[in-house]
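**Q** structure.csv is reproduced below (CSV, C-alpha atoms (C1' of nucleotides)).
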chain,number,residue,atom,x,y,z
C,1,MET,CA,2.6,-86.6,-21.0
C,2,GLY,CA,-0.6,-84.7,-21.5
C,3,PHE,CA,-1.8,-88.2,-21.4
C,4,MET,CA,-2.6,-89.9,-18.1
C,5,GLN,CA,-3.2,-93.5,-19.1
C,6,ARG,CA,-3.5,-92.9,-22.8
C,7,THR,CA,-6.6,-90.7,-22.9
C,8,ASP,CA,-5.7,-87.0,-23.0
C,9,PHE,CA,-7.5,-85.3,-20.2
C,10,GLY,CA,-5.6,-82.0,-21.0
C,11,ALA,CA,-7.5,-81.6,-24.2
C,12,MET,CA,-11.0,-81.9,-22.6
C,13,ARG,CA,-13.2,-78.9,-22.2
C,14,CYS,CA,-13.4,-79.3,-18.5
C,15,SER,CA,-11.4,-77.8,-15.7
C,16,ILE,CA,-11.6,-80.9,-13.6
C,17,ALA,CA,-10.1,-83.0,-16.5
C,18,ARG,CA,-7.4,-80.4,-17.1
C,19,THR,CA,-6.5,-80.2,-13.4
C,20,LEU,CA,-6.3,-84.0,-13.5
C,21,ASP,CA,-4.0,-83.8,-16.5
C,22,VAL,CA,-1.5,-81.8,-14.4
C,23,ILE,CA,-1.8,-83.6,-11.0
C,24,GLY,CA,-4.0,-86.6,-11.6
C,25,GLU,CA,-1.4,-89.3,-12.3
C,26,PRO,CA,-0.6,-91.8,-9.6
C,27,TRP,CA,1.8,-90.4,-7.0
C,28,SER,CA,1.7,-86.8,-8.2
C,29,PRO,CA,-0.4,-85.5,-5.3
C,30,LEU,CA,1.8,-87.3,-2.8
C,31,ILE,CA,4.9,-85.7,-4.4
C,32,LEU,CA,3.2,-82.3,-4.1
C,33,ARG,CA,2.5,-83.0,-0.4
C,34,ASP,CA,6.1,-84.0,0.2
C,35,VAL,CA,7.5,-80.9,-1.4
C,36,TYR,CA,5.0,-78.8,0.5
C,37,ALA,CA,6.0,-80.5,3.8
C,38,GLY,CA,9.7,-79.7,3.1
C,39,LEU,CA,11.0,-82.9,1.4
C,40,THR,CA,12.3,-81.1,-1.6
C,41,ARG,CA,15.1,-83.4,-2.8
C,42,PHE,CA,14.9,-86.5,-5.1
C,43,GLU,CA,16.3,-88.9,-2.5
C,44,ALA,CA,14.2,-87.6,0.3
C,45,ILE,CA,10.9,-88.0,-1.7
C,46,GLN,CA,11.9,-91.3,-3.1
C,47,GLN,CA,12.6,-92.8,0.3
C,48,ASP,CA,9.6,-91.2,1.9
C,49,LEU,CA,7.1,-92.5,-0.6
C,50,GLY,CA,8.8,-95.7,-1.6
C,51,ILE,CA,8.1,-94.7,-5.2
C,52,SER,CA,10.0,-96.2,-8.1
C,53,ARG,CA,12.9,-93.9,-9.1
C,54,LYS,CA,11.9,-94.0,-12.7
C,55,VAL,CA,8.4,-92.9,-12.0
C,56,LEU,CA,9.6,-90.1,-9.6
C,57,THR,CA,11.9,-88.8,-12.4
C,58,GLU,CA,9.0,-88.7,-14.8
C,59,ARG,CA,6.6,-87.0,-12.4
C,60,LEU,CA,9.0,-84.4,-11.3
C,61,LYS,CA,9.9,-83.5,-14.9
C,62,TRP,CA,6.2,-83.2,-15.8
C,63,LEU,CA,5.4,-81.1,-12.7
C,64,VAL,CA,8.2,-78.8,-13.6
C,65,GLU,CA,7.1,-78.6,-17.2
C,66,GLN,CA,3.6,-77.7,-16.0
C,67,GLY,CA,5.0,-74.9,-13.8
C,68,VAL,CA,3.9,-76.5,-10.6
C,69,LEU,CA,7.4,-77.1,-9.3
C,70,ASP,CA,10.6,-75.2,-9.9
C,71,ARG,CA,13.8,-77.2,-10.2
C,72,ARG,CA,16.7,-75.3,-8.5
C,73,GLU,CA,20.3,-76.2,-8.3
C,74,TYR,CA,21.3,-75.5,-4.8
C,75,SER,CA,24.8,-76.6,-5.6
C,76,GLN,CA,27.1,-76.8,-8.6
C,77,ARG,CA,30.1,-79.0,-7.9
C,78,PRO,CA,28.6,-81.4,-7.4
C,79,VAL,CA,25.3,-80.7,-9.2
C,80,ARG,CA,22.5,-81.0,-6.7
C,81,CYS,CA,19.0,-79.8,-7.1
C,82,GLU,CA,15.8,-79.4,-5.2
C,83,TYR,CA,12.2,-78.9,-6.2
C,84,VAL,CA,10.2,-76.0,-4.8
C,85,LEU,CA,6.6,-74.9,-5.2
C,86,THR,CA,5.8,-72.1,-7.6
C,87,ALA,CA,2.7,-69.9,-7.1
C,88,LYS,CA,0.8,-72.2,-9.3
C,89,GLY,CA,1.9,-75.2,-7.3
C,90,THR,CA,1.2,-73.5,-4.0
C,91,GLU,CA,-2.4,-72.9,-5.0
C,92,LEU,CA,-2.7,-76.5,-6.0
C,93,CYS,CA,-2.0,-77.4,-2.4
C,94,ASP,CA,-5.5,-76.1,-1.6
C,95,LEU,CA,-6.6,-79.3,-3.2
C,96,LEU,CA,-4.5,-81.3,-0.7
C,97,LEU,CA,-6.2,-79.5,2.2
C,98,VAL,CA,-9.6,-80.5,0.9
C,99,MET,CA,-8.4,-84.1,0.4
C,100,VAL,CA,-7.2,-84.1,4.0
C,101,ARG,CA,-10.5,-82.8,5.2
C,102,TRP,CA,-12.4,-85.6,3.5
C,103,GLY,CA,-9.9,-88.3,4.3
C,104,ASP,CA,-9.8,-87.3,8.0
C,105,ARG,CA,-13.6,-87.4,8.1
C,106,TRP,CA,-14.3,-90.6,6.1
C,107,THR,CA,-11.2,-92.8,6.3
C,108,ALA,CA,-9.3,-92.0,9.5
C,109,GLY,CA,-11.5,-94.2,11.7
C,110,GLU,CA,-10.8,-94.7,15.4
C,111,ALA,CA,-7.3,-93.6,15.3
C,112,GLY,CA,-8.1,-90.1,14.3
C,113,PRO,CA,-6.3,-87.9,11.8
C,114,PRO,CA,-2.6,-88.6,11.3
C,115,VAL,CA,-1.7,-84.9,10.9
C,116,LEU,CA,-3.2,-81.8,12.5
C,117,TYR,CA,-3.3,-78.4,11.0
C,118,ARG,CA,-2.8,-75.2,13.0
C,119,HIS,CA,-4.1,-72.0,11.4
C,120,HIS,CA,-1.7,-69.1,11.7
C,121,ALA,CA,-4.4,-66.5,11.9
C,122,CYS,CA,-6.2,-67.9,14.9
C,123,GLY,CA,-3.6,-70.4,16.3
C,124,ARG,CA,-6.2,-73.2,16.5
C,125,ILE,CA,-6.2,-76.7,15.2
C,126,SER,CA,-8.7,-76.5,12.4
C,127,GLN,CA,-9.7,-77.6,8.9
C,128,VAL,CA,-10.7,-75.9,5.7
C,129,ASP,CA,-14.3,-75.0,5.0
C,130,LEU,CA,-15.6,-74.2,1.6
C,131,ARG,CA,-17.3,-70.8,1.2
C,132,CYS,CA,-18.7,-68.7,-1.6
C,133,ALA,CA,-16.0,-66.2,-2.7
C,134,THR,CA,-18.8,-63.7,-3.3
C,135,CYS,CA,-21.1,-63.8,-0.4
C,136,GLY,CA,-19.1,-65.8,2.2
C,137,GLU,CA,-21.8,-68.3,3.0
C,138,PRO,CA,-21.0,-72.1,2.9
C,139,MET,CA,-20.7,-73.4,-0.7
C,140,HIS,CA,-21.0,-77.1,-1.5
C,141,ALA,CA,-21.9,-79.2,-4.4
C,142,THR,CA,-25.5,-79.2,-3.4
C,143,ASP,CA,-25.7,-75.4,-3.1
C,144,ILE,CA,-25.0,-74.5,-6.8
C,145,ASP,CA,-26.4,-74.6,-10.3
C,146,LEU,CA,-24.2,-75.3,-13.3
C,147,LEU,CA,-24.4,-73.0,-16.3
C,148,PRO,CA,-22.5,-73.1,-19.6
C,149,GLY,CA,-19.5,-70.7,-19.5
C,150,PRO,CA,-17.5,-68.8,-22.2
C,151,GLY,CA,-14.9,-71.6,-22.6
C,152,GLN,CA,-17.5,-74.0,-23.7
C,153,ARG,CA,-18.6,-75.0,-27.1
C,154,GLN,CA,-20.9,-77.8,-28.3
C,155,GLY,CA,-22.0,-80.1,-25.5
C,156,ASN,CA,-20.7,-80.1,-22.0
C,157,ALA,CA,-18.9,-82.9,-20.3
C,158,ARG,CA,-17.8,-84.3,-23.7
C,159,ARG,CA,-15.0,-83.3,-25.9
C,160,ALA,CA,-11.9,-85.4,-25.6
C,161,ALA,CA,-8.8,-85.1,-27.8
C,162,GLN,CA,-9.5,-85.0,-31.5
D,163,MET,CA,-8.7,-102.6,-5.4
D,164,GLY,CA,-7.2,-100.8,-2.6
D,165,PHE,CA,-4.3,-100.7,-5.0
D,166,MET,CA,-4.1,-97.9,-7.5
D,167,GLN,CA,-1.2,-99.0,-9.7
D,168,ARG,CA,0.1,-101.7,-7.5
D,169,THR,CA,1.1,-99.6,-4.4
D,170,ASP,CA,-1.6,-99.6,-1.7
D,171,PHE,CA,-2.3,-96.0,-0.9
D,172,GLY,CA,-5.2,-97.1,1.3
D,173,ALA,CA,-2.8,-98.5,3.9
D,174,MET,CA,-0.8,-95.4,4.2
D,175,ARG,CA,-1.0,-93.3,7.3
D,176,CYS,CA,-2.0,-90.2,5.4
D,177,SER,CA,-5.4,-88.8,4.6
D,178,ILE,CA,-4.3,-87.6,1.2
D,179,ALA,CA,-3.2,-91.1,0.2
D,180,ARG,CA,-6.3,-92.6,1.6
D,181,THR,CA,-8.5,-90.2,-0.3
D,182,LEU,CA,-6.5,-91.0,-3.4
D,183,ASP,CA,-7.1,-94.7,-2.8
D,184,VAL,CA,-10.9,-94.1,-3.1
D,185,ILE,CA,-11.0,-91.5,-5.9
D,186,GLY,CA,-7.4,-91.2,-7.2
D,187,GLU,CA,-7.5,-93.7,-10.1
D,188,PRO,CA,-7.7,-92.5,-13.6
D,189,TRP,CA,-11.3,-91.5,-14.6
D,190,SER,CA,-12.8,-91.7,-11.1
D,191,PRO,CA,-13.1,-88.0,-10.5
D,192,LEU,CA,-14.7,-87.5,-13.9
D,193,ILE,CA,-17.2,-90.3,-13.2
D,194,LEU,CA,-18.0,-88.6,-9.9
D,195,ARG,CA,-18.5,-85.3,-11.8
D,196,ASP,CA,-20.8,-87.0,-14.3
D,197,VAL,CA,-23.0,-88.5,-11.6
D,198,TYR,CA,-23.1,-85.2,-9.8
D,199,ALA,CA,-24.1,-83.5,-13.1
D,200,GLY,CA,-27.0,-85.9,-13.5
D,201,LEU,CA,-25.5,-88.6,-15.8
D,202,THR,CA,-26.3,-91.5,-13.6
D,203,ARG,CA,-26.5,-94.4,-16.0
D,204,PHE,CA,-23.7,-96.6,-17.4
D,205,GLU,CA,-24.4,-95.8,-21.0
D,206,ALA,CA,-24.7,-92.1,-20.4
D,207,ILE,CA,-21.4,-92.0,-18.5
D,208,GLN,CA,-19.6,-94.2,-21.0
D,209,GLN,CA,-20.6,-92.1,-24.0
D,210,ASP,CA,-19.9,-88.8,-22.3
D,211,LEU,CA,-16.4,-89.7,-21.2
D,212,GLY,CA,-15.4,-92.1,-24.0
D,213,ILE,CA,-14.1,-94.4,-21.3
D,214,SER,CA,-13.5,-98.1,-21.9
D,215,ARG,CA,-16.6,-100.1,-20.7
D,216,LYS,CA,-14.4,-102.4,-18.9
D,217,VAL,CA,-12.7,-99.7,-16.9
D,218,LEU,CA,-16.1,-98.0,-16.2
D,219,THR,CA,-17.4,-101.2,-14.8
D,220,GLU,CA,-14.4,-101.5,-12.5
D,221,ARG,CA,-14.6,-98.0,-11.3
D,222,LEU,CA,-18.3,-98.0,-10.6
D,223,LYS,CA,-17.9,-101.2,-8.6
D,224,TRP,CA,-15.1,-99.8,-6.6
D,225,LEU,CA,-16.9,-96.5,-5.9
D,226,VAL,CA,-20.0,-98.4,-4.7
D,227,GLU,CA,-17.8,-100.7,-2.5
D,228,GLN,CA,-16.3,-97.5,-1.0
D,229,GLY,CA,-19.7,-96.1,-0.2
D,230,VAL,CA,-19.2,-93.1,-2.6
D,231,LEU,CA,-22.0,-94.2,-4.9
D,232,ASP,CA,-25.1,-96.2,-4.4
D,233,ARG,CA,-26.3,-98.6,-7.1
D,234,ARG,CA,-30.1,-98.5,-7.5
D,235,GLU,CA,-32.3,-100.5,-9.8
D,236,TYR,CA,-34.7,-98.1,-11.2
D,237,SER,CA,-36.4,-100.9,-13.1
D,238,GLN,CA,-36.7,-104.7,-12.8
D,239,ARG,CA,-37.9,-106.2,-16.1
D,240,PRO,CA,-35.6,-105.4,-17.6
D,241,VAL,CA,-33.1,-104.9,-14.9
D,242,ARG,CA,-31.8,-101.3,-15.2
D,243,CYS,CA,-29.8,-99.4,-12.7
D,244,GLU,CA,-28.4,-96.0,-12.0
D,245,TYR,CA,-25.7,-94.7,-9.7
D,246,VAL,CA,-26.4,-91.9,-7.2
D,247,LEU,CA,-24.2,-90.1,-4.7
D,248,THR,CA,-24.2,-91.1,-1.1
D,249,ALA,CA,-23.5,-88.5,1.6
D,250,LYS,CA,-19.9,-89.6,1.5
D,251,GLY,CA,-19.8,-89.1,-2.2
D,252,THR,CA,-21.6,-85.7,-2.1
D,253,GLU,CA,-18.9,-84.5,0.3
D,254,LEU,CA,-16.3,-85.7,-2.1
D,255,CYS,CA,-17.7,-83.3,-4.7
D,256,ASP,CA,-16.1,-80.5,-2.7
D,257,LEU,CA,-12.9,-81.7,-4.1
D,258,LEU,CA,-14.3,-81.3,-7.6
D,259,LEU,CA,-15.2,-77.7,-6.8
D,260,VAL,CA,-11.6,-76.9,-5.8
D,261,MET,CA,-10.3,-78.6,-8.9
D,262,VAL,CA,-12.6,-76.5,-10.9
D,263,ARG,CA,-11.3,-73.3,-9.2
D,264,TRP,CA,-7.7,-74.2,-9.9
D,265,GLY,CA,-8.4,-75.4,-13.4
D,266,ASP,CA,-10.3,-72.3,-14.3
D,267,ARG,CA,-7.6,-70.1,-13.0
D,268,TRP,CA,-4.6,-71.9,-14.4
D,269,THR,CA,-5.7,-73.9,-17.4
D,270,ALA,CA,-8.7,-72.2,-18.9
D,271,GLY,CA,-6.7,-69.6,-20.9
D,272,GLU,CA,-8.3,-67.1,-23.2
D,273,ALA,CA,-11.5,-69.0,-23.6
D,274,GLY,CA,-12.5,-68.7,-20.0
D,275,PRO,CA,-14.1,-71.3,-17.8
D,276,PRO,CA,-16.2,-73.9,-19.6
D,277,VAL,CA,-18.8,-74.1,-16.8
D,278,LEU,CA,-20.0,-71.4,-14.4
D,279,TYR,CA,-21.3,-72.0,-10.9
D,280,ARG,CA,-24.2,-70.1,-9.5
D,281,HIS,CA,-24.5,-70.1,-5.7
D,282,HIS,CA,-28.0,-70.6,-4.4
D,283,ALA,CA,-27.6,-68.5,-1.3
D,284,CYS,CA,-26.6,-65.3,-3.2
D,285,GLY,CA,-27.7,-66.1,-6.7
D,286,ARG,CA,-24.3,-64.9,-8.1
D,287,ILE,CA,-21.8,-66.6,-10.3
D,288,SER,CA,-19.0,-67.5,-8.0
D,289,GLN,CA,-16.3,-69.9,-6.9
D,290,VAL,CA,-15.3,-71.6,-3.7
D,291,ASP,CA,-12.9,-70.1,-1.3
D,292,LEU,CA,-11.1,-71.9,1.4
D,293,ARG,CA,-11.6,-70.6,4.9
D,294,CYS,CA,-10.8,-71.7,8.4
D,295,ALA,CA,-13.6,-73.7,9.9
D,296,THR,CA,-12.8,-72.2,13.3
D,297,CYS,CA,-12.2,-68.5,12.7
D,298,GLY,CA,-13.5,-68.0,9.2
D,299,GLU,CA,-10.4,-66.3,7.9
D,300,PRO,CA,-8.8,-67.5,4.6
D,301,MET,CA,-6.9,-70.7,5.1
D,302,HIS,CA,-4.4,-71.8,2.5
D,303,ALA,CA,-1.3,-74.1,2.4
D,304,THR,CA,0.9,-71.2,3.4
D,305,ASP,CA,-1.3,-70.2,6.4
D,306,ILE,CA,-0.8,-73.4,8.5
D,307,ASP,CA,1.6,-75.4,10.5
D,308,LEU,CA,1.6,-79.2,10.5
D,309,LEU,CA,1.5,-81.1,13.7
D,310,PRO,CA,1.5,-84.9,14.4
D,311,GLY,CA,-2.1,-86.1,15.1
D,312,PRO,CA,-3.5,-89.0,17.1
D,313,GLY,CA,-3.7,-91.3,14.0
D,314,GLN,CA,0.0,-91.1,13.6
D,315,ARG,CA,2.7,-93.5,14.7
D,316,GLN,CA,6.4,-93.7,13.8
D,317,GLY,CA,7.4,-91.1,11.2
D,318,ASN,CA,5.1,-89.0,9.2
D,319,ALA,CA,4.7,-89.2,5.5
D,320,ARG,CA,6.1,-92.7,5.4
D,321,ARG,CA,4.3,-95.9,6.1
D,322,ALA,CA,3.2,-97.8,3.0
D,323,ALA,CA,1.5,-101.2,3.0
D,324,GLN,CA,3.3,-103.9,5.1
W,325,DA,C1',42.3,-95.5,-3.1
W,326,DC,C1',37.9,-96.5,-1.3
W,327,DA,C1',33.4,-95.7,0.4
W,328,DG,C1',29.5,-92.8,0.3
W,329,DT,C1',25.9,-89.6,-1.4
W,330,DA,C1',22.9,-87.3,-4.8
W,331,DG,C1',20.3,-87.6,-8.8
W,332,DG,C1',19.2,-89.9,-12.1
W,333,DT,C1',19.0,-93.9,-16.2
W,334,DT,C1',18.5,-98.5,-18.0
W,335,DC,C1',16.7,-103.0,-17.9
W,336,DC,C1',13.1,-106.6,-17.6
W,337,DC,C1',8.6,-108.2,-16.1
W,338,DT,C1',3.8,-107.8,-14.9
W,339,DC,C1',-0.5,-106.0,-15.0
W,340,DA,C1',-3.9,-102.1,-16.0
W,341,DG,C1',-6.0,-99.4,-19.8
W,342,DG,C1',-8.0,-99.1,-24.7
W,343,DG,C1',-10.9,-100.9,-28.1
W,344,DA,C1',-13.9,-103.7,-30.2
W,345,DA,C1',-16.9,-107.6,-30.2
W,346,DC,C1',-20.1,-110.4,-27.8
W,347,DT,C1',-23.9,-111.6,-24.2
W,348,DG,C1',-28.5,-111.6,-22.1
W,349,DA,C1',-32.7,-109.6,-20.8
W,350,DT,C1',-36.4,-106.9,-22.4
W,351,DA,C1',-39.2,-103.6,-25.3
W,352,DT,C1',-40.8,-101.9,-29.7
W,353,DG,C1',-42.3,-101.9,-34.5
W,354,DG,C1',-44.0,-104.1,-38.6
E,355,DC,C1',-43.4,-113.8,-35.0
E,356,DC,C1',-39.2,-112.0,-36.2
E,357,DA,C1',-35.9,-108.1,-36.5
E,358,DT,C1',-34.1,-104.4,-34.3
E,359,DA,C1',-32.9,-101.4,-30.4
E,360,DT,C1',-31.5,-100.4,-25.6
E,361,DC,C1',-29.1,-101.0,-21.4
E,362,DA,C1',-25.6,-102.9,-18.6
E,363,DG,C1',-22.2,-105.4,-18.6
E,364,DT,C1',-18.4,-109.3,-19.9
E,365,DT,C1',-14.7,-111.2,-22.7
E,366,DC,C1',-10.8,-110.9,-25.7
E,367,DC,C1',-6.4,-109.3,-27.3
E,368,DC,C1',-2.8,-105.8,-27.5
E,369,DT,C1',0.0,-102.1,-25.9
E,370,DG,C1',2.3,-99.5,-22.7
E,371,DA,C1',2.9,-97.7,-17.8
E,372,DG,C1',4.4,-98.9,-13.0
E,373,DG,C1',7.6,-101.8,-9.9
E,374,DG,C1',12.1,-103.2,-8.7
E,375,DA,C1',16.7,-103.7,-9.0
E,376,DA,C1',21.0,-102.7,-10.9
E,377,DC,C1',23.8,-99.4,-13.0
E,378,DC,C1',26.0,-94.7,-14.0
E,379,DT,C1',28.2,-90.1,-13.2
E,380,DA,C1',29.9,-86.4,-10.3
E,381,DC,C1',31.7,-85.2,-6.7
E,382,DT,C1',33.2,-85.3,-1.4
E,383,DG,C1',35.4,-86.9,2.8
E,384,DT,C1',39.0,-89.7,5.1
For this file, produce the structure as structure tokens.
**A**
Amino acid sequence: MGFMQRTDFGAMRCSIARTLDVIGEPWSPLILRDVYAGLTRFEAIQQDLGISRKVLTERLKWLVEQGVLDRREYSQRPVRCEYVLTAKGTELCDLLLVMVRWGDRWTAGEAGPPVLYRHHACGRISQVDLRCATCGEPMHATDIDLLPGPGQRQGNARRAAQ
Amino acid sequence: MGFMQRTDFGAMRCSIARTLDVIGEPWSPLILRDVYAGLTRFEAIQQDLGISRKVLTERLKWLVEQGVLDRREYSQRPVRCEYVLTAKGTELCDLLLVMVRWGDRWTAGEAGPPVLYRHHACGRISQVDLRCATCGEPMHATDIDLLPGPGQRQGNARRAAQ
DNA sequence: ACAGTAGGTTCCCTCAGGGAACTGATATGG
DNA sequence: CCATATCAGTTCCCTGAGGGAACCTACTGT
């Protein structure tokens, strides 16, 4: 890939676009969720999501290529494999936690959140909160200024493939 | 929509899937980024992203329907409008910050991050950090247990449309 | 020998994205 | 007064990605 619906997000000079290039295609975040939740085998994921087998094959291959998942044979004779998170993939799960936070807040409605998260450190049901890695105070989109960084040349948001 | 490539993520009993239903389609996060960064008009976004005008029209309509963006006429005669973030949309930008964090770390390479973020509270260049909303300690995918919540019936990950 | 399971692959069909041209309302310049 | 420019879309055709079902290849268990 490196494509995602024809336009190559991976080539853009933007960390959001490049993250989307890895995980932004349809189904990919849900596959990551499943693997994180312990559904590590092809059949298990396919049945859980109801995803087309063809698309699941493509997504798994791409995620492995990108170093997000690791494909491990847990049995030769017969050959059987499972997919596990790499460090890169585990860190990507932070994204899922933030999606959960927003989804719980804005889309769960009356019924409440479908899944609860218990934090090991304190043992309480909780959610993630975004804080500044430097000062520890809350850090949201409205609390920051954007400045050009080193990995930037000509213009900002721009710069697609070729 | 409520569709995203045929399968209806919005109907799933999962906050990740429901968040994806709102913002998961190709281009949507980049449109959100542009609006957040101050590119609020159709022409500006279209030229910045190089997105098809047809698709941009569809995405903007959907994001407005979902209450993420607000469409405002900043001029009658001639009719001209701009798109601004609602509270719901502003909170979605948290997701972008986490994408930036991951993208900077894993995809920026030698060149370094294309954009830097200065936190108002401390004035330093920084990034977001995920912490437990209850105890304040770091909270990542490996630091939590998943439990069934109230908005859950029969099975977990499962439950697509119909 | 037969059924079952895991992990795919192949096929066809439909529908979404890309790209370019076109529209309609207004403003601006000569 | 006419030509050109701007903004915000809309319409068109073409390609290619997703859905769904059937098929395939190893093996295992009975």
**Q** Between atom CA of D:Ile193 and atom CA of D:Gln209, what is the spacing in Å?
**A** 11.5 Å
**Q** Using only C-alpha atoms (C1' of nucleotides) and a distance of at most 12 Å, pull out the residues of chain E that contact chain C, as a count of residues only.
**A** 11
**Q** Please identify all polymer residues within 12 Å of W:DC326, counting all atoms listed in the file, omitting same-chain residues fewer than 2 positions from it, and present them as a ChimeraX atom specification.
**A** /W:328 /E:383-384
**Q** With a distance threshold of 12 Å and counting all atoms listed in the file, extract the residues of chain W near chain C and express them as a list in words.
**A**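 In the required form, that comes to DT329, DA330, DG331, DG332, DT333, DT334, DC335, DA340, DG341 and DG342 of chain W.
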**Q** In Å, how far is it from atom CA of C:Trp106 to atom CA of D:Thr181?
**A**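 Answer for the atom CA of C:Trp106 to atom CA of D:Thr181 separation: 8.6 Å.
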**Q** As a PDB file with C-alpha atoms, keeping the file's coordinate frame, please: the residues near C:Leu39 (cut-off 12 Å, all atoms listed in the file, same-chain neighbours under 5 positions excluded).
**A**
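around.pdb was written with the following content:
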ATOM      1  CA  LEU C  30       1.800 -87.300  -2.800  1.00  0.00           C
ATOM      2  CA  ILE C  31       4.900 -85.700  -4.400  1.00  0.00           C
ATOM      3  CA  LEU C  32       3.200 -82.300  -4.100  1.00  0.00           C
ATOM      4  CA  ARG C  33       2.500 -83.000  -0.400  1.00  0.00           C
ATOM      5  CA  ASP C  34       6.100 -84.000   0.200  1.00  0.00           C
ATOM      6  CA  ALA C  44      14.200 -87.600   0.300  1.00  0.00           C
ATOM      7  CA  ILE C  45      10.900 -88.000  -1.700  1.00  0.00           C
ATOM      8  CA  GLN C  46      11.900 -91.300  -3.100  1.00  0.00           C
ATOM      9  CA  GLN C  47      12.600 -92.800   0.300  1.00  0.00           C
ATOM     10  CA  ASP C  48       9.600 -91.200   1.900  1.00  0.00           C
ATOM     11  CA  LEU C  49       7.100 -92.500  -0.600  1.00  0.00           C
ATOM     12  CA  GLU C  82      15.800 -79.400  -5.200  1.00  0.00           C
ATOM     13  CA  TYR C  83      12.200 -78.900  -6.200  1.00  0.00           C
ATOM     14  CA  VAL C  84      10.200 -76.000  -4.800  1.00  0.00           C
ATOM     15  CA  LEU C  85       6.600 -74.900  -5.200  1.00  0.00           C
TER      16      LEU C  85
ATOM     17  CA  ASN D 318       5.100 -89.000   9.200  1.00  0.00           C
ATOM     18  CA  ALA D 319       4.700 -89.200   5.500  1.00  0.00           C
ATOM     19  CA  ARG D 320       6.100 -92.700   5.400  1.00  0.00           C
TER      20      ARG D 320
END
**Q** Which chain C residues are at most 7 Å from chain D (counting all atoms listed in the file), as an MDAnalysis selection string?
**A** chainID C and resid 13:19 30 48:49 90 92:96 98:100 102:104 107 111:120 122 126:135 139:141 143:152 157:158
**Q** Please compute the atom C1' of E:DC366-atom CA of D:Trp224 distance, one decimal, in Å.
**A**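 The value is 22.5 Å.
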**Q** Could you list, as a PyMOL selection string, every residue within 12 Å of W:DA351, counting all atoms listed in the file and ignoring same-chain residues fewer than 2 positions away?
**A** (chain D and resi 239-240) or (chain W and resi 349+353) or (chain E and resi 358-361)
**Q** Would you mind telling me which residue in E:DA376, E:DA362, E:DC356, E:DC367 lies nearest to W:DA344 when using all atoms listed in the file?
**A**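 With all atoms listed in the file as the atom set, the closest residue is E:DC367.
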